[in-house]
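Peer 1: Have a look at the structure that comes next, please.
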Amino acid sequence: MPDFLLEVGSEEIPARMIAGASKELRERVSVLLKRERLEPAGAVTHVDTPRRLAVLAPGVPAAQPDVTEQVTGPSVQVAYKDGQPTPAAHAFAKKVGVDVGRLEKVSTPKGEYLAATVTRKGRSASEILGETLPKEISSLYWPKNMYWRKRGEVFVRPVRWLVAMLDEQVVPMELFGIAAGKTSRGHRIIGNETVPIPKPSAYVEALRAAKVLGAAEREQVIRKALDAAARTIPGARWREDKPLLATVVNLTEFPSAILGSFDPEFLELPEEVLVTVMRDHQKYFAMEDANGKLLPHFLAVLNTAADSDGLIRHGNERVLRARFNDARFFWQTDQKQTLRDRVELLKHVTFQKDLGSYYDKTIRVQRLASGLCEIVKQGGVAVRPGVVHKAAYLAKTDLTTELVKEFTELQGIVGGLYARVQLLDDDLKPEVQGEIAKAIYDHYKPESMEDEVPRTVEGAVLSIADKADSIAGMFALGLIPSGSKDPFALRRQANGIVKTVAEHKLPFRLSEIMTDARARYEGSEAEKKFSNATYAESIRSFFRERLEFYLKDARKYAYDVVNAVLAADSDDVVDAAARAQAVSQVRGSADFDSISVAFKRTKNILRQAEENKRRIAVQVDAAVLQEESEKELAALLPRAARSVEKLRATRSYQPALLEIAKLRPAADKFFDRVMVMVDDDNLRANRLALLQTLVKEFSTIADFSEIVTEGKESTK
Amino acid sequence: MLGPNPYKVAYVQPSRRPADGRYGENPNRLFKHMQLQVILKPPPENVQELYLESLTAIGIDLRQHDIKFEEDNWESPTLGAWGIGWQVMLDGLEITQFTYFQQCGGVDLDPICAELTYGLERLCAFLQDVDSIYDIVWARDPVTGREVKYGDVRLADEQQFSVYNFEAADVQSAWKHFELCEGECKALIERYGALTKDKNEGDGIAREKSRFPLLAAYDLCLKCSHYFNILDARGAISVTERVGVIARVRALAVGIAKAWMDQQYGSENKSEKSEKATESAAKGKKGKLAPVG
């Protein structure tokens, strides 16, 4: 069975798109082979570089297997007249290519029919692949496409060559005006321009000889090269940076690395600025000493074998020097106007066209943050409202600085850095100023679920207020994220609020934050544009989803635990997390499973009762109850409820849950012995009331009916 | 760029970006820099190889250097113009913007063209191995051997224009200039529009149209764009205003492009000469307006 190779040769594909497209192409080929009954003997693999996406499938059948099947023809009645075959029989025989005399007869429910066993030849792999691959290749998803030959014929960059082979044979196909062949291309500068591929199994080696390596190998080579270059400076190491590593892997076909240096006087500039320039603008790795302090060196990854004369190092050093000079120019220019003076400038910077300027936002956030400080204090968490107040006032001013205009990813950080070195107020203690700077520095955090939350409570409150203000305004305007549409990244911001509240253990209810945030728009110009009549409802369901996402994805609680916990309440983040923790710990124990089952049954019964409009007594009248087991349960419930409530009030959720689990014997006995839906109306009404009490009193920590128990599906 | 005729051109063009001024203190950034524009319509299949050969031709031994093509797409919302491409990095230095143009004036190009924009000061500094653009040897006296540096030619320019653009330019006057140019440009576009609506399209009208000064209108549009850039450098345009002003310049550019297509192709006039004018017109727009968009 021949091996299969497909290589799509392109001009340089953007680094960020290569890995995804490469996997997709492998998957497409793999699915295609399966669909066409050409399943390969070994695993389908992929090779990619900036200039090519390739797929290898070892041992592909040369052709589809033949298919033997029985074909039925006309009924025997029609096929024979007086024992002789009619034209209908002859026609059928001709169609299936079988002699009339050799036709078979089959019995069907409709009677006897003529039949023939025919073998359909499988088509050759070459034919099928040549026919179907062009469509698979041109269907690849790219975030941004282009055309270069004809309008409507698009790919990420111009495709310049195609290799498609089954062993030594070319798979004939054409795409974008290019016929597939057996010739690949090597590294642009240090490889051969044309690289004949003798057979698919020799592909990887042929590329290597032409100075082209696969992605996994490039990563290894780069890591080793970075280590080796870093070792030349005693005690130094390179700063690990996964996204940067992925980028340079996908910018090279044959990588190496060099060490460069810059003037130590640039170390006066903040590290954040230097690292951003190196990483984002030059794709250099930063170097640090054993204490993590930045060193005046950098590592650049090259797309060539080596820099024997030091020319490349020389060039890169010169570029970085100019870049740092520019950053220093911005830094110095920015100091001419303090953050305090820049507040006024925010009046001319639009936040959102209907929500006013950043100055308007600043004032709203400042008020909102002050209100939140009160809640925090009342909840017993120490906070310095003065710090929050001042930080909120200055937080957005760095948007007017040259440094942020040049390096937008440094917003907040630059403000924090400037706040540390500038005069903010005449009689501010340095320590307080430091706290203000920290809060400003952190207030965009966390930017993702993996990112850290602000370091201080003050930073956390500011971050929450800033995000809540944006979400409130957008929701009030009716700009609610849906599906993949979330242009203002409101989900990310809401995730940030949830995570910050949870990790700082802040005593907030989400609805309360958002109601306050909405209230800060009262009487504003923006409010005249507000159109969302169901603000509270849309906010509630939006944040419930965010909290669910946080508990499942960031905290890794099981989905049924999260559903159970959020069914009880989804507004208090810290409380929900604590309840999820407690439920996760008792979940799976025999008693708890049994209680879960009991709750499911209880809920089902209550639902039936409601559907059939059965009366439920307002209060359980113990005198009406008949069975020993139900009397026992009725006596037990109020006592248990009291002790659970006591524990719940102090957030001792696990002991509370254990208390609930103690109901198990009584509950089991009840369901074993008592029939609820009896004909006696009064008895039934009281039994239903008893069950209702059970659900009502014991679902405040979690809705146990949501818990998936062994062998039982959730009632959902 | 617009139109169906194959075309190849190369020319040097100054690009002025007031906000990029650095008072002559940054060795690698200028308010006014020179770019070599190469436009190839349609792009040859080996356009990247040809580009690399052009570097070899000016004395860069690629085997001793590190060349990367990094994703960088060019776009000017003000002109409805955009393309897909790369910034070409030579030892970490961006030396060329390489763009496959897809649209111009909101119109799909057919065929498309490849545009190579070489940064000349950077390439020279690289070739002469000097740290600062201002140390580039601009000329050498054939008799005495005395060198004239780029700084001798340009430094005062950079210093004084940085002061002007950032500090001294009179905001009120700049707005007035902007509005004057805009008004005249608009009036020209409208006059051309009136010609095309004339029902009695006789020889007289056809002649009027063919000699109509659309390129002068375009010059006025470029001036608007430049005043916008000065106002921007002065910090005189708020973010809210910005969107509106960009739209005003765009309206001029799009109006002229439309009129130009009518003037040059509407009457099946497809001479090489007219094509060339389209090219340089389109290029001029880009060079000037890039910092706006």
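A note on labels: chains of the structure tokens are A, B, ... as shown, every chain counts residues from 1, and ligands are counted from 1 in their shown order.
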Each residue of chain B with at least one atom at most 8 Å from chain A should appear once, together with its nearest atom pair and the corresponding distance in Å (one decimal); atoms considered: only C-alpha atoms; ordering: chain, then increasing residue number; output as JSON lines.
Peer 2:
{"residue": "B:Arg22", "atom": "CA", "partner": "A:Phe329", "partner_atom": "CA", "distance": 7.8}
{"residue": "B:Asn26", "atom": "CA", "partner": "A:Asn325", "partner_atom": "CA", "distance": 6.4}
{"residue": "B:Pro27", "atom": "CA", "partner": "A:Ala322", "partner_atom": "CA", "distance": 6.2}
{"residue": "B:Asn28", "atom": "CA", "partner": "A:Ala322", "partner_atom": "CA", "distance": 5.9}
{"residue": "B:Glu45", "atom": "CA", "partner": "A:Arg160", "partner_atom": "CA", "distance": 7.5}
{"residue": "B:Leu62", "atom": "CA", "partner": "A:Ile189", "partner_atom": "CA", "distance": 6.8}
{"residue": "B:Arg63", "atom": "CA", "partner": "A:Ile189", "partner_atom": "CA", "distance": 6.2}
{"residue": "B:Gln64", "atom": "CA", "partner": "A:Asp307", "partner_atom": "CA", "distance": 7.0}
{"residue": "B:His65", "atom": "CA", "partner": "A:Ile312", "partner_atom": "CA", "distance": 5.7}
{"residue": "B:Asp66", "atom": "CA", "partner": "A:Leu302", "partner_atom": "CA", "distance": 6.0}
{"residue": "B:Ile67", "atom": "CA", "partner": "A:Asn303", "partner_atom": "CA", "distance": 6.9}
{"residue": "B:Lys68", "atom": "CA", "partner": "A:Asn303", "partner_atom": "CA", "distance": 7.0}
{"residue": "B:Phe69", "atom": "CA", "partner": "A:Glu12", "partner_atom": "CA", "distance": 6.4}
{"residue": "B:Glu70", "atom": "CA", "partner": "A:Pro14", "partner_atom": "CA", "distance": 6.7}
{"residue": "B:Glu71", "atom": "CA", "partner": "A:Pro14", "partner_atom": "CA", "distance": 5.1}
{"residue": "B:Ile84", "atom": "CA", "partner": "A:Met146", "partner_atom": "CA", "distance": 6.7}
{"residue": "B:Asp91", "atom": "CA", "partner": "A:Ile312", "partner_atom": "CA", "distance": 5.4}
{"residue": "B:Gly92", "atom": "CA", "partner": "A:Asn316", "partner_atom": "CA", "distance": 5.2}
{"residue": "B:Leu93", "atom": "CA", "partner": "A:Val319", "partner_atom": "CA", "distance": 6.0}
{"residue": "B:Tyr100", "atom": "CA", "partner": "A:Trp148", "partner_atom": "CA", "distance": 7.6}
{"residue": "B:Gln102", "atom": "CA", "partner": "A:Met146", "partner_atom": "CA", "distance": 7.3}
{"residue": "B:Asp110", "atom": "CA", "partner": "A:Arg151", "partner_atom": "CA", "distance": 7.5}
{"residue": "B:Pro111", "atom": "CA", "partner": "A:Arg149", "partner_atom": "CA", "distance": 7.3}
{"residue": "B:Ile112", "atom": "CA", "partner": "A:Trp148", "partner_atom": "CA", "distance": 6.3}
{"residue": "B:Phe126", "atom": "CA", "partner": "A:Gly315", "partner_atom": "CA", "distance": 7.7}
{"residue": "B:Asp131", "atom": "CA", "partner": "A:Arg318", "partner_atom": "CA", "distance": 6.4}
{"residue": "B:Ser238", "atom": "CA", "partner": "A:His348", "partner_atom": "CA", "distance": 5.0}
{"residue": "B:Val239", "atom": "CA", "partner": "A:Val349", "partner_atom": "CA", "distance": 5.2}
{"residue": "B:Thr240", "atom": "CA", "partner": "A:Thr350", "partner_atom": "CA", "distance": 5.8}
Peer 1: Excluding Phe178 of chain B and any residue of its chain fewer than 5 positions from it, enumerate the residues within 10 Å of it, using only C-alpha atoms, and give them as a count of residues only.
Peer 2: 13
Peer 1: Figure out the distance between atom CA of Glu537 of chain A and atom CA of Met474 of chain A, please, to one decimal in Å.
Peer 2: 14.3 Å
Peer 1: What's the 7 Å shell around segment 4-21 of chain B, counting only C-alpha atoms, without same-chain residues fewer than 6 positions away, as a list in words?
Peer 2: Arg29, Leu30, Phe31, Lys32, His33, Met34, Gln35, Leu36, Gln37, Val38, Ile39, Leu40, Lys41, Pro42, Asp110, Pro111, Glu158, Ser162, Asn165, Asn229, Ile230, Ala233, Gly287, Lys288 and Pro291 of chain B
Peer 1: What would the file look like if the residues just selected were written as a PDB file, in the first residue's frame with C-alpha atoms?
Peer 2:
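Result file follows (part_30.pdb):
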ATOM      1  CA  ARG B  29      12.658  58.189  12.873  1.00  0.00           C
ATOM      2  CA  LEU B  30      11.904  61.137  10.689  1.00  0.00           C
ATOM      3  CA  PHE B  31       8.940  63.390  10.152  1.00  0.00           C
ATOM      4  CA  LYS B  32       9.790  63.254   6.444  1.00  0.00           C
ATOM      5  CA  HIS B  33      11.340  60.154   4.961  1.00  0.00           C
ATOM      6  CA  MET B  34      11.943  58.901   1.448  1.00  0.00           C
ATOM      7  CA  GLN B  35      10.357  55.781   0.117  1.00  0.00           C
ATOM      8  CA  LEU B  36      10.976  53.905  -3.103  1.00  0.00           C
ATOM      9  CA  GLN B  37       7.628  52.721  -4.413  1.00  0.00           C
ATOM     10  CA  VAL B  38       7.466  49.776  -6.776  1.00  0.00           C
ATOM     11  CA  ILE B  39       4.105  48.802  -8.195  1.00  0.00           C
ATOM     12  CA  LEU B  40       3.671  45.629 -10.212  1.00  0.00           C
ATOM     13  CA  LYS B  41       0.308  44.975 -11.808  1.00  0.00           C
ATOM     14  CA  PRO B  42      -0.356  42.098 -11.978  1.00  0.00           C
ATOM     15  CA  ASP B 110      -8.779  43.398 -11.053  1.00  0.00           C
ATOM     16  CA  PRO B 111      -6.040  42.491 -11.508  1.00  0.00           C
ATOM     17  CA  GLU B 158      13.606  67.766  11.157  1.00  0.00           C
ATOM     18  CA  SER B 162       9.149  69.123  14.781  1.00  0.00           C
ATOM     19  CA  ASN B 165       4.262  70.585  13.986  1.00  0.00           C
ATOM     20  CA  ASN B 229      -1.973  65.522  10.219  1.00  0.00           C
ATOM     21  CA  ILE B 230      -0.619  68.811  11.542  1.00  0.00           C
ATOM     22  CA  ALA B 233       0.274  66.369  15.873  1.00  0.00           C
ATOM     23  CA  GLY B 287       1.813  57.970   1.434  1.00  0.00           C
ATOM     24  CA  LYS B 288       0.163  61.003   2.871  1.00  0.00           C
ATOM     25  CA  PRO B 291      -0.696  58.102   9.440  1.00  0.00           C
TER      26      PRO B 291
END
Peer 1: Quick one: DSSP strand (DSSP E) residues in segment 2-181 of chain B, as a ChimeraX atom specification?
Peer 2: /B:7-16,32-41,67-71,74-76,81-90,93-104,107-119,137-140,147-149
Peer 1: To test your reading of the structure, identify every residue in segment 601-676 of chain A that backbone DSSP assigns to alpha helix (DSSP H), and report it as a VMD selection string.
Peer 2: chain A and resid 601 to 611 628 to 649 653 to 661 664 to 673
Peer 1: Can you tell me, as number ranges by chain, what residues are no more than 10 Å from Gly255 of chain B when counting only C-alpha atoms, ignoring any on the same chain fewer than 2 positions away?
Peer 2: B: 105, 185-186, 189-190, 193, 217-218, 249-253, 257-260
Peer 1: Mind checking which residues fall within 9 Å of Leu368 of chain A, counting only C-alpha atoms, ignoring those fewer than 3 positions away in the same chain, and posting them as a list in words?
Peer 2: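 Residues near the query, excluding close chain neighbours: Ile363, Arg364, Val365, Gly371, Leu372, Cys373, Leu462, Ala465, Asp466, Ala468, Asp469, Ile513, Asp516, Ala517, Ala519 and Arg520 of chain A.
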Peer 1: Excluding same-chain residues fewer than 6 positions from Leu195 of chain B, what lies within 9 Å of it counting only C-alpha atoms, as a list in words?
Peer 2: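 Answer for this query is Glu201, Ile205, Ala206, Glu208 and Lys209 of chain B.
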Peer 1: Mind writing the picked residues with N, CA and C atoms as a short mmCIF file (atom, residue, chain, number, x, y, z; two decimals), in the first residue's frame?
Peer 2:
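Okay, this is what ended up in selection_30.cif:
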data_model
loop_
_atom_site.label_atom_id
_atom_site.label_comp_id
_atom_site.auth_asym_id
_atom_site.auth_seq_id
_atom_site.Cartn_x
_atom_site.Cartn_y
_atom_site.Cartn_z
N GLU B 201 -24.65 65.45 -24.29
CA GLU B 201 -23.21 65.18 -24.27
C GLU B 201 -22.62 65.30 -25.66
N ILE B 205 -18.77 68.96 -24.38
CA ILE B 205 -18.78 68.39 -23.03
C ILE B 205 -17.65 67.36 -22.89
N ALA B 206 -17.51 66.51 -23.88
CA ALA B 206 -16.48 65.47 -23.82
C ALA B 206 -15.10 66.10 -23.65
N GLU B 208 -14.49 69.12 -22.41
CA GLU B 208 -14.47 69.69 -21.06
C GLU B 208 -14.06 68.65 -20.04
N LYS B 209 -14.70 67.48 -20.14
CA LYS B 209 -14.42 66.41 -19.19
C LYS B 209 -12.97 65.94 -19.27
#
